[in-house]
There are 2 protein chains.
Amino acid sequence: MVGMARWEPNARERLVRAAVDLFAEQGYDATTVNEIAERAGGLTKTTFFRHFADKREVLFAGQELHSRVLAEAIAAAPESASPLEAVGAAVFALTDTFTEDRREMGRQLLVVIGKSAELQERAAYKRSVLADAMDGALRERGVAEPAASVAADLGVRAFGGAFARWTGSADGRALAEFAGEELARLRGAITELGWHRESAGALDGAGDAGTAD
Amino acid sequence: MVGMARWEPNARERLVRAAVDLFAEQGYDATTVNEIAERAGGLTKTTFFRHFADKREVLFAGQELHSRVLAEAIAAAPESASPLEAVGAAVFALTDTFTEDRREMGRQLLVVIGKSAELQERAAYKRSVLADAMDGALRERGVAEPAASVAADLGVRAFGGAFARWTGSADGRALAEFAGEELARLRGAITELGWHRESAGALDGAGDAGTAD
DNA sequence: CTGCGTGATGTGACTTGGTAACATCACCCT
DNA sequence: AGGGTGATGTTACCAAGTCACATCACGCAG
């Protein structure tokens, strides 16, 4: 006990774990910041807010990093890449940062968010921030609006769909695999948008999605 | 004074006006709910929260109505309409509810929202709710995912872009006109998504946007 | 005219998110 | 041993949001 530090290290991580656990147990609204801090090893409200700007942020801390990853991947894409190819590269760059050990946490996260309107609001904001990051990077490389925004939206949607399927599946397939399928499905869907009822199903197979759900 | 009611009618509208004015004058964060209620004719915090679930809601009260308008327009679209045509009909149904006298208010709204991260978050959520409404209506008519979601996203983007240009312009053109242009631009952009750098500009004119900015 | 119900409002007390100023303690380096 | 430094705790405070209860004007039945 003598050599024990006054405060355990990794307070930030402990706060995240405590928050996710408590949110899962009691729900987001019913959980108090003081509770989180307390469970994270006898900390206090003040310490929590030194690490996170507000109560929601404990679940969305990675947002800035994710934005950077997406934007940098688009900037690094080959000059000849189409907007959709650049976005695809960005999505894969992001999926590669999610290793297998983060899958369970991701699953819990989606459940918690799904039960709280406040968190869904925050999630929608995060999606728009990620889309803006890709949009900006695309315009940097000369893609005009609104193509850049639309491509960015598709990228966000691909990642979101892949993440949901990844966390919901039990097999060991990587997040990137799901992302590839989602991107292919989206490419295919785009061609359907203008189709009328009667002609649906005429064309097909332009980038199928494999194990679509 | 004798015949004067204890409380003026239309408390709700007065609260909205007071809120928009105060937000424009001092910013959203610097404005207190008590201030809003006070300026709206000597009301109190309690009354404010009887009309609006929280401080943000005073600016986003129309959300449910808008969702219904969009969903019903899609449901009412002719059987033969393509997903994009159905979405277009929905966007026009919504734009038609914005008469000229609401333009100035809309302008103020965008300025206020643009200065507050909290309100931008709420705006992102509203966009996702509107998209969900259209997505659900599209699936009702047999459109598969992810085409339905993508079409819904495009509709939201068209409306948002049109609304921004409408409030930013001085001429008397209706919101629907801008929406038509935005939809056309988006249709055109979709075809560019897969183009590579070298082939860009080869095709053109498939649904141009007229006075694109 | 009296009285009663109803609806919109006000009051006061409370919880919680979030901020700020100041104090404390362990560690590390000199 | 002494002096920073960084992460933390304490205390006090404000504003968002909730709740139970009181109030007042109105309309309506008698």
# chains A, B, ... in the order shown; residues from 1 in each chain; ligands from 1

$ select_by_dssp --residues "stretch 103-197 of chain B" --states "helix (DSSP H, G or I)" --output "ChimeraX atom specification"
/B:103-114,117-140,147-168,175-192

$ residues_around --residues "B:Ala89" --least-positions-apart "3" --cutoff "8 Å" --atoms "only C-alpha atoms (C1' of nucleotides)" --output "PDB file with N, CA and C atoms, in the first residue's frame"
ATOM      1  N   ALA B  73     -46.437  12.399 -48.437  1.00  0.00           N
ATOM      2  CA  ALA B  73     -46.244  12.701 -49.856  1.00  0.00           C
ATOM      3  C   ALA B  73     -45.644  11.501 -50.581  1.00  0.00           C
ATOM      4  N   ILE B  74     -44.743  10.824 -49.930  1.00  0.00           N
ATOM      5  CA  ILE B  74     -44.148   9.640 -50.561  1.00  0.00           C
ATOM      6  C   ILE B  74     -45.195   8.540 -50.702  1.00  0.00           C
ATOM      7  N   ALA B  77     -47.400   9.252 -53.640  1.00  0.00           N
ATOM      8  CA  ALA B  77     -46.802   9.335 -54.978  1.00  0.00           C
ATOM      9  C   ALA B  77     -47.333   8.196 -55.842  1.00  0.00           C
ATOM     10  N   GLU B  85     -38.102  10.085 -57.686  1.00  0.00           N
ATOM     11  CA  GLU B  85     -39.280  10.908 -58.011  1.00  0.00           C
ATOM     12  C   GLU B  85     -40.193  11.043 -56.799  1.00  0.00           C
ATOM     13  N   ALA B  86     -40.346   9.952 -56.071  1.00  0.00           N
ATOM     14  CA  ALA B  86     -41.174  10.015 -54.861  1.00  0.00           C
ATOM     15  C   ALA B  86     -40.565  10.974 -53.847  1.00  0.00           C
ATOM     16  N   PHE B  92     -41.060  18.681 -52.463  1.00  0.00           N
ATOM     17  CA  PHE B  92     -41.931  19.777 -52.919  1.00  0.00           C
ATOM     18  C   PHE B  92     -43.123  19.954 -51.977  1.00  0.00           C
ATOM     19  N   ALA B  93     -43.639  18.851 -51.462  1.00  0.00           N
ATOM     20  CA  ALA B  93     -44.747  18.974 -50.512  1.00  0.00           C
ATOM     21  C   ALA B  93     -44.304  19.771 -49.289  1.00  0.00           C
TER      22      ALA B  93
END

$ residues_around --residues "A:Ala117" --least-positions-apart "6" --cutoff "12 Å" --atoms "only C-alpha atoms (C1' of nucleotides)" --output "list of chain:residue names"
A:Gly27, A:Tyr28, A:Asp29, A:Arg56, A:Ala123, A:Ala124, B:Arg122, B:Tyr125, B:Lys126, B:Val129

$ interface_residues --of "chain C" --to "chain A" --cutoff "10 Å" --atoms "only C-alpha atoms (C1' of nucleotides)" --output "VMD selection string"
chain C and resid 16 to 19 25 to 27

$ write_last_selection --atoms "N, CA and C atoms (P, O5', C5', C4', C3', O3' and C1' of nucleotides)" --output "JSON list (two decimals), in the first residue's frame"
[["chain", "number", "residue", "atom", "x", "y", "z"],
["C", 16, "DT", "P", -29.95, 13.45, -8.74],
["C", 16, "DT", "O5'", -29.33, 14.22, -9.98],
["C", 16, "DT", "C5'", -30.05, 14.20, -11.21],
["C", 16, "DT", "C4'", -29.39, 15.13, -12.19],
["C", 16, "DT", "C3'", -27.86, 14.95, -12.30],
["C", 16, "DT", "O3'", -27.55, 14.76, -13.66],
["C", 16, "DT", "C1'", -28.43, 17.24, -12.08],
["C", 17, "DG", "P", -26.08, 14.38, -14.15],
["C", 17, "DG", "O5'", -25.74, 15.57, -15.14],
["C", 17, "DG", "C5'", -26.61, 15.82, -16.24],
["C", 17, "DG", "C4'", -26.26, 17.15, -16.87],
["C", 17, "DG", "C3'", -24.82, 17.27, -17.33],
["C", 17, "DG", "O3'", -24.79, 18.05, -18.52],
["C", 17, "DG", "C1'", -25.26, 18.93, -15.70],
["C", 18, "DG", "P", -23.49, 18.07, -19.44],
["C", 18, "DG", "O5'", -22.66, 19.25, -18.77],
["C", 18, "DG", "C5'", -23.12, 20.59, -18.98],
["C", 18, "DG", "C4'", -22.33, 21.54, -18.13],
["C", 18, "DG", "C3'", -20.80, 21.42, -18.17],
["C", 18, "DG", "O3'", -20.28, 22.55, -18.86],
["C", 18, "DG", "C1'", -21.60, 21.94, -16.01],
["C", 19, "DT", "P", -18.73, 22.90, -18.89],
["C", 19, "DT", "O5'", -18.55, 23.99, -17.73],
["C", 19, "DT", "C5'", -19.41, 25.13, -17.71],
["C", 19, "DT", "C4'", -18.91, 26.12, -16.68],
["C", 19, "DT", "C3'", -17.39, 26.34, -16.69],
["C", 19, "DT", "O3'", -17.15, 27.73, -16.68],
["C", 19, "DT", "C1'", -18.12, 25.77, -14.50],
["C", 25, "DC", "P", -3.20, 16.83, 1.99],
["C", 25, "DC", "O5'", -2.51, 15.67, 1.15],
["C", 25, "DC", "C5'", -3.32, 14.89, 0.27],
["C", 25, "DC", "C4'", -2.52, 14.53, -0.95],
["C", 25, "DC", "C3'", -1.11, 14.03, -0.65],
["C", 25, "DC", "O3'", -1.04, 12.66, -1.00],
["C", 25, "DC", "C1'", -1.17, 15.48, -2.53],
["C", 26, "DA", "P", 0.15, 11.76, -0.36],
["C", 26, "DA", "O5'", 0.89, 11.30, -1.70],
["C", 26, "DA", "C5'", 0.14, 10.57, -2.65],
["C", 26, "DA", "C4'", 0.79, 10.70, -4.02],
["C", 26, "DA", "C3'", 2.23, 10.18, -4.08],
["C", 26, "DA", "O3'", 2.37, 9.34, -5.21],
["C", 26, "DA", "C1'", 2.11, 12.40, -4.91],
["C", 27, "DC", "P", 3.62, 8.33, -5.23],
["C", 27, "DC", "O5'", 4.56, 8.99, -6.33],
["C", 27, "DC", "C5'", 4.07, 9.18, -7.67],
["C", 27, "DC", "C4'", 4.85, 10.29, -8.34],
["C", 27, "DC", "C3'", 6.37, 10.05, -8.42],
["C", 27, "DC", "O3'", 6.75, 9.85, -9.76],
["C", 27, "DC", "C1'", 5.83, 12.30, -7.83]]

$ interface_residues --of "chain D" --to "chain B" --cutoff "12 Å" --atoms "only C-alpha atoms (C1' of nucleotides)" --output "ChimeraX atom specification"
/D:14-19,23-26

$ closest_atom_pairs --of "chain B" --to "chain A" --cutoff "7 Å" --atoms "only C-alpha atoms" --output "JSON lines"
{"residue": "B:Ser80", "atom": "CA", "partner": "A:Arg197", "partner_atom": "CA", "distance": 5.1}
{"residue": "B:Ala81", "atom": "CA", "partner": "A:His196", "partner_atom": "CA", "distance": 5.7}
{"residue": "B:Ser82", "atom": "CA", "partner": "A:His196", "partner_atom": "CA", "distance": 4.3}
{"residue": "B:Pro83", "atom": "CA", "partner": "A:Leu193", "partner_atom": "CA", "distance": 5.5}
{"residue": "B:Leu84", "atom": "CA", "partner": "A:Leu193", "partner_atom": "CA", "distance": 5.6}
{"residue": "B:Glu121", "atom": "CA", "partner": "A:Tyr125", "partner_atom": "CA", "distance": 5.0}
{"residue": "B:Arg122", "atom": "CA", "partner": "A:Glu121", "partner_atom": "CA", "distance": 6.6}
{"residue": "B:Ala124", "atom": "CA", "partner": "A:Tyr125", "partner_atom": "CA", "distance": 5.4}
{"residue": "B:Tyr125", "atom": "CA", "partner": "A:Glu121", "partner_atom": "CA", "distance": 5.0}
{"residue": "B:Ser128", "atom": "CA", "partner": "A:Ala124", "partner_atom": "CA", "distance": 6.7}
{"residue": "B:Pro146", "atom": "CA", "partner": "A:Ala189", "partner_atom": "CA", "distance": 6.2}
{"residue": "B:Ala147", "atom": "CA", "partner": "A:Ala189", "partner_atom": "CA", "distance": 4.7}
{"residue": "B:Ala151", "atom": "CA", "partner": "A:Leu193", "partner_atom": "CA", "distance": 6.7}
{"residue": "B:Leu186", "atom": "CA", "partner": "A:Pro146", "partner_atom": "CA", "distance": 6.4}
{"residue": "B:Ala189", "atom": "CA", "partner": "A:Ala147", "partner_atom": "CA", "distance": 4.7}
{"residue": "B:Ile190", "atom": "CA", "partner": "A:Ala147", "partner_atom": "CA", "distance": 6.6}
{"residue": "B:Glu192", "atom": "CA", "partner": "A:Ala147", "partner_atom": "CA", "distance": 6.9}
{"residue": "B:Leu193", "atom": "CA", "partner": "A:Pro83", "partner_atom": "CA", "distance": 5.5}
{"residue": "B:Gly194", "atom": "CA", "partner": "A:Ser82", "partner_atom": "CA", "distance": 5.5}
{"residue": "B:Trp195", "atom": "CA", "partner": "A:Ser82", "partner_atom": "CA", "distance": 5.3}
{"residue": "B:His196", "atom": "CA", "partner": "A:Ser82", "partner_atom": "CA", "distance": 4.3}
{"residue": "B:Arg197", "atom": "CA", "partner": "A:Ser80", "partner_atom": "CA", "distance": 5.1}

$ write_last_selection --atoms "C-alpha atoms" --output "compact mmCIF listing (two decimals), in the first residue's frame"
# COMPACT_ATOMS: atom_id res chain seq x y z
CA SER B 80 -44.97 4.07 -61.00
CA ALA B 81 -42.76 6.77 -59.52
CA SER B 82 -39.10 5.96 -59.03
CA PRO B 83 -37.63 6.37 -55.52
CA LEU B 84 -36.03 9.63 -56.52
CA GLU B 121 -26.30 18.95 -33.11
CA ARG B 122 -30.05 19.30 -32.85
CA ALA B 124 -28.30 17.12 -37.48
CA TYR B 125 -30.74 15.07 -35.48
CA SER B 128 -31.81 12.24 -39.55
CA PRO B 146 -30.02 0.75 -48.95
CA ALA B 147 -31.63 2.49 -51.92
CA ALA B 151 -32.80 8.41 -51.67
CA LEU B 186 -28.02 16.03 -57.03
CA ALA B 189 -23.83 14.64 -59.11
CA ILE B 190 -24.75 11.01 -58.68
CA GLU B 192 -20.16 11.80 -61.35
CA LEU B 193 -19.44 9.77 -58.28
CA GLY B 194 -17.74 6.91 -60.05
CA TRP B 195 -15.93 9.03 -62.59
CA HIS B 196 -12.18 9.11 -62.50
CA ARG B 197 -10.13 12.26 -62.69

$ residues_around --residues "stretch 59-61 of chain A" --least-positions-apart "4" --cutoff "10 Å" --atoms "only C-alpha atoms (C1' of nucleotides)" --output "list in words"
Val16, Arg17, Ala19, Val20, His51, Phe52, Ala53, Lys55, Leu65, His66, Leu109, Val112, Ile113, Leu119, Arg122, Ala123 and Lys126 of chain A

$ atom_distance --atom1 "atom C1' of D:DG30" --atom2 "atom C1' of C:DT9"
28.4 Å

$ residues_around --residues "stretch 169-176 of chain A" --least-positions-apart "6" --cutoff "7 Å" --atoms "only C-alpha atoms (C1' of nucleotides)" --output "mmCIF file with C-alpha atoms, in the first residue's frame"
data_model
loop_
_atom_site.group_PDB
_atom_site.id
_atom_site.type_symbol
_atom_site.label_atom_id
_atom_site.label_comp_id
_atom_site.auth_asym_id
_atom_site.auth_seq_id
_atom_site.Cartn_x
_atom_site.Cartn_y
_atom_site.Cartn_z
ATOM 1 C CA PHE A 92 -11.232 1.214 -44.981
ATOM 2 C CA THR A 95 -12.341 0.319 -40.212
ATOM 3 C CA ASP A 96 -8.706 -0.748 -39.878
ATOM 4 C CA ALA A 162 -20.773 -2.104 -41.535
ATOM 5 C CA PHE A 163 -20.291 -1.264 -37.883
#

$ atom_distance --atom1 "atom CA of B:Leu15" --atom2 "atom CA of B:Ala40"
5.2 Å

$ atom_distance --atom1 "atom C1' of C:DA8" --atom2 "atom CA of B:Met105"
27.2 Å
